[in-house]
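These notes concern the structure reproduced below.
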Amino acid sequence: MRVLATLAIAVGCGLGGAWLAAPVFAVPSHASLQDDALKAFQQGRFDDVVLLLEGAPKDQPLSSDVLRAGVRSALRVGRPDQALAFYARLVPPGKPDEAGLLKDLALAMITRHVRDPQEHLRIAAYLTLTDIATRDTIALFEDGLLDSSVMVRTRAAEGLARAGSPATTSALARALDDPAPSVRIAALNALGENTAASLRPLITRLSKSEEGVLHIFALAALARMGRSDAADEIAGEATLPDAELRMASVGALGQLKRPASLPILSQSVYDPDPSVRAFAAGALGDLGNPKGEPALLHALEDDDPRVRSIAAASLGRLKLVQSRPVLRQAARDPVEFVRVGAVEGLLRIGDTEAVLLAADLAKHPDPSVRGATAQAVALSGNRKAILVVKSLLKDQQPQPRLMAVRAIGKLGGREGLALLKQALNDSDPAIRIAAAGGVIKLLTAK
């Protein structure tokens, strides 16, 4: 045996080391590879499963069981991109999706970024998680409250409130005590009737101790819990000299949807501050009362284009067919973003020409206009415009693609799911995160 070993070494050296570099084992046969992969999966050797399947020729057919094992293994070892490649072989175009497996894959594509060194990707991950918040994501949101980024903590607070579980009470209490006002506002803004009773004394104290905008949001949280006197106090703040307080007040009144707020909101579109007028126009849309139409028609003539844009979108939210002529006129506004708001309004009332108008804006040279158009389509909920956002999935700039992906996640449908699966391979990680969130939403809605 020693002679054979010595001879092997000598021959190897004589070949300049090439023999030594060659594999010491034969490539397994097709059947052997599949058996080895399944055995490795059953034994929990997930890295080995991935290595075996990665080494298999791309044109070599693999059984569904082996490919499922590949997807699960890749997820276990933190390689969702490879899991996606295996899933694409398991479920080629035209084949029905395996919903549970695809949801796990999509969630992994999001959660891999919750501790990403790049802040904007952590923000994107938590923004998407907030949109699909469930009790299964509570632990992630609790971790997010400890992040160094204020924006991440803000999203985490929103997600905790949306998860809707008594288990979030202590974490929400921490969010209400965060040093960053935006985090406290996010938590307050998301609290409602189902808020744990133990948090109500804390919110009451905040409504008395906090000043400015935080005071308004604390009152709004109490109003959602049934404290009508809190809503009355907000209405009183809507006429104070401080423009920021007036903005927060009219915004809160719109979200509370109290019919009694209509006179205040209608009067606020005449406010001397354009930001307050814009908030008032948006609040009238939130309120959804058709009697707010005259005030919104006035806002459509405002000197400030932001006010006009928001007023046009809000008119659509009132679902008044008689608004069509003025919205079509607004769709010819010299400012692009006013036209975007008008298109949203027209899409909301089902105008037949709105899709063509949206398609025209989706070709605008400014990527921010193209992105805003995709967002307007999403907000309108008009599925007839899905072709508009579909065209933006191939945009050269990431912003329109991102907005298009988010829009498709909201519009839904079988075609939407297929488009989002394609977007899971986008070159931009933030877009892949958004696409994964959309996939989960559409699969959950089925």
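Naming scheme: A, B, ... for chains in displayed order of the structure tokens; residues 1 onward per chain; ligands 1 onward as shown.
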>> Can you pull out the residues contacting A:Ser165? Cut-off 12 Å, using only C-alpha atoms, and skip same-chain residues under 6 positions away; I want them as a PyMOL selection string.
In response: chain A and resi 133-139+159+171-172+191+194-196
Write a file of the selected residues as a tab-separated table (two decimals), in the first residue's frame, keeping N, CA and C atoms.
```tsv
chain	number	residue	atom	x	y	z
A	133	ALA	N	-47.32	43.17	8.41
A	133	ALA	CA	-47.16	42.84	9.82
A	133	ALA	C	-48.11	41.74	10.29
A	134	THR	N	-47.54	40.75	10.96
A	134	THR	CA	-48.33	39.68	11.59
A	134	THR	C	-47.69	39.39	12.95
A	135	ARG	N	-48.31	38.51	13.69
A	135	ARG	CA	-47.73	38.15	14.99
A	135	ARG	C	-46.38	37.47	14.84
A	136	ASP	N	-46.15	36.84	13.69
A	136	ASP	CA	-44.87	36.17	13.45
A	136	ASP	C	-43.72	37.15	13.31
A	137	THR	N	-44.03	38.42	13.05
A	137	THR	CA	-42.96	39.41	12.84
A	137	THR	C	-42.71	40.28	14.07
A	138	ILE	N	-43.41	40.01	15.15
A	138	ILE	CA	-43.29	40.86	16.35
A	138	ILE	C	-41.85	40.93	16.85
A	139	ALA	N	-41.18	39.78	16.91
A	139	ALA	CA	-39.81	39.76	17.42
A	139	ALA	C	-38.89	40.65	16.58
A	159	GLY	N	-45.01	48.93	12.86
A	159	GLY	CA	-45.25	47.50	12.67
A	159	GLY	C	-45.79	46.84	13.92
A	171	ALA	N	-43.45	46.42	24.34
A	171	ALA	CA	-42.61	47.02	23.30
A	171	ALA	C	-43.15	48.37	22.87
A	172	LEU	N	-44.48	48.47	22.73
A	172	LEU	CA	-45.09	49.75	22.36
A	172	LEU	C	-44.85	50.80	23.44
A	191	LEU	N	-52.01	53.59	17.10
A	191	LEU	CA	-52.82	53.01	18.17
A	191	LEU	C	-54.30	53.30	17.93
A	194	ASN	N	-58.27	48.91	19.79
A	194	ASN	CA	-57.82	47.63	20.36
A	194	ASN	C	-56.57	47.76	21.20
A	195	THR	N	-56.15	48.98	21.48
A	195	THR	CA	-54.96	49.19	22.28
A	195	THR	C	-55.14	48.62	23.67
A	196	ALA	N	-54.11	47.96	24.16
A	196	ALA	CA	-54.18	47.36	25.50
A	196	ALA	C	-54.52	48.43	26.54
```
>> Excluding A:Asn382 and its own-chain neighbours fewer than 3 positions away, which residues fall within 10 Å of it when counting only C-alpha atoms? Please give them as a PyMOL selection string.
In response: chain A and resi 344+346-350+354-355+376-379+385-386+410-411
Include C-alpha atoms and write out the residues we just selected as a PDB file, in the first residue's frame.
```pdb
ATOM      1  CA  GLU A 344     -55.265  59.413  -9.433  1.00  0.00           C
ATOM      2  CA  LEU A 346     -59.854  60.106 -12.357  1.00  0.00           C
ATOM      3  CA  LEU A 347     -58.731  56.504 -11.852  1.00  0.00           C
ATOM      4  CA  ARG A 348     -60.599  56.408  -8.562  1.00  0.00           C
ATOM      5  CA  ILE A 349     -63.894  57.349 -10.234  1.00  0.00           C
ATOM      6  CA  GLY A 350     -63.309  54.926 -13.118  1.00  0.00           C
ATOM      7  CA  ALA A 354     -57.430  58.012 -17.065  1.00  0.00           C
ATOM      8  CA  VAL A 355     -55.358  54.965 -18.016  1.00  0.00           C
ATOM      9  CA  ALA A 376     -50.966  57.239  -7.959  1.00  0.00           C
ATOM     10  CA  VAL A 377     -52.076  54.073  -9.747  1.00  0.00           C
ATOM     11  CA  ALA A 378     -51.475  52.084  -6.569  1.00  0.00           C
ATOM     12  CA  LEU A 379     -53.468  54.498  -4.424  1.00  0.00           C
ATOM     13  CA  ALA A 385     -53.970  50.576 -15.047  1.00  0.00           C
ATOM     14  CA  ILE A 386     -51.726  47.620 -14.205  1.00  0.00           C
ATOM     15  CA  LYS A 410     -51.388  46.632  -3.931  1.00  0.00           C
ATOM     16  CA  LEU A 411     -53.252  45.943  -7.181  1.00  0.00           C
TER      17      LEU A 411
END
```
>> Which residues are close to A:Lys39, i.e. within 12 Å by only C-alpha atoms, leaving aside same-chain residues fewer than 2 positions away? Reply as a list in words.
In response: Ser32, Leu33, Gln34, Asp35, Asp36, Ala37, Phe41, Gln42, Gln43, Gly44, Arg45, Phe46, Asp48, Val49, Leu52, Asp65, Val66, Ala69 and Gly70 of chain A
Print the selection's residues with C-alpha atoms to a file, as a PDB file, in the first residue's frame.
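For reference, out.pdb as written:
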```pdb
ATOM      1  CA  SER A  32     -27.011   9.088  -6.743  1.00  0.00           C
ATOM      2  CA  LEU A  33     -26.978  12.889  -6.578  1.00  0.00           C
ATOM      3  CA  GLN A  34     -30.682  13.043  -5.818  1.00  0.00           C
ATOM      4  CA  ASP A  35     -30.418  10.297  -3.209  1.00  0.00           C
ATOM      5  CA  ASP A  36     -27.424  12.006  -1.591  1.00  0.00           C
ATOM      6  CA  ALA A  37     -29.218  15.352  -1.508  1.00  0.00           C
ATOM      7  CA  PHE A  41     -31.479  17.061   3.957  1.00  0.00           C
ATOM      8  CA  GLN A  42     -32.938  14.421   6.275  1.00  0.00           C
ATOM      9  CA  GLN A  43     -29.737  14.491   8.330  1.00  0.00           C
ATOM     10  CA  GLY A  44     -29.801  18.273   8.583  1.00  0.00           C
ATOM     11  CA  ARG A  45     -26.676  18.769   6.438  1.00  0.00           C
ATOM     12  CA  PHE A  46     -28.187  21.714   4.619  1.00  0.00           C
ATOM     13  CA  ASP A  48     -24.207  19.783   1.624  1.00  0.00           C
ATOM     14  CA  VAL A  49     -27.635  19.824  -0.029  1.00  0.00           C
ATOM     15  CA  LEU A  52     -24.759  19.103  -4.359  1.00  0.00           C
ATOM     16  CA  ASP A  65     -38.765  16.590  -3.661  1.00  0.00           C
ATOM     17  CA  VAL A  66     -35.092  17.300  -4.271  1.00  0.00           C
ATOM     18  CA  ALA A  69     -35.173  20.204  -0.189  1.00  0.00           C
ATOM     19  CA  GLY A  70     -32.848  22.586  -2.020  1.00  0.00           C
TER      20      GLY A  70
END
```
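Between A:Ala445 and the candidates A:Asn189, A:Asp81, A:Pro367, A:Ala99, the tightest atom-to-atom separation, counting only C-alpha atoms, involves A:Ala99.
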>> If DSSP is run on the backbone, what residues of stretch 188-325 of chain A are helix (DSSP H, G or I)? A reply as a PyMOL selection string would be ideal.
In response: chain A and resi 188-190+197-209+213-224+228-237+243-256+259-268+274-287+290-299+305-317+321-325
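The spacing separating atom CA of A:Gln397 from atom CA of A:Met109 amounts to 21.7 Å.
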>> List as a PyMOL selection string the protein and nucleic acid residues near A:Val338, meaning an atom at most 12 Å away when only C-alpha atoms are counted, but skip any in the same chain fewer than 2 places from it.
In response: chain A and resi 299-313+327-336+340-345+361+369+372-373+376
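The nearest approach to A:Ala74 among the residues A:Ala248, A:Pro398, A:Ala56, A:Ala108, with only C-alpha atoms taken into account, belongs to A:Ala108.
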Compile a residue-level contact table for stretch 104-167 of chain A against stretch 418-433 of chain A at a cut-off of 8 Å, reporting for every qualifying residue the shortest atom pair and its distance in Å to one decimal, with only C-alpha atoms counted, rows ordered by chain and ascending number, as CSV.
```
residue,atom,partner,partner_atom,distance
A:Met109,CA,A:Ile433,CA,6.4
A:Ile110,CA,A:Ile433,CA,5.2
A:Leu121,CA,A:Ala430,CA,6.1
A:Ala124,CA,A:Ala430,CA,6.1
A:Ala125,CA,A:Ile433,CA,6.3
A:Thr128,CA,A:Ile433,CA,7.1
```
> So how many Å separate atom CA of A:Ala218 and atom CA of A:Gln255, to one decimal?
Replying inline: 13.5 Å
> Of the candidates A:Ala231, A:Ala220, A:Gly251, A:Pro400, which shows the shortest atom-to-atom distance to A:Gly282, using only C-alpha atoms?
Replying inline: A:Gly251
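The residue set within 8 Å of A:Leu392, counting only C-alpha atoms and dropping same-chain residues fewer than 3 places from it, reads Ala362, Arg370, Ala374, Val388, Val389, Asp395, Pro400, Arg401 and Ala404 of chain A.
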>> Just want the 12 Å neighbourhood of A:Pro263, counted on only C-alpha atoms, with same-chain residues fewer than 2 positions away dropped. Output as a PyMOL selection string.
In response: chain A and resi 235+238+250+253-254+258-261+265-270+280+283-284+287+289+291-295
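Atom pair atom CA of A:Glu353 / atom CA of A:Asp286 has a distance of 24.9 Å (rounded to one decimal).
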> Nearest to A:Glu233 among A:Ala85, A:Val71, A:Leu219, A:Leu51, with distances taken over only C-alpha atoms: which residue is it?
Replying inline: A:Leu219
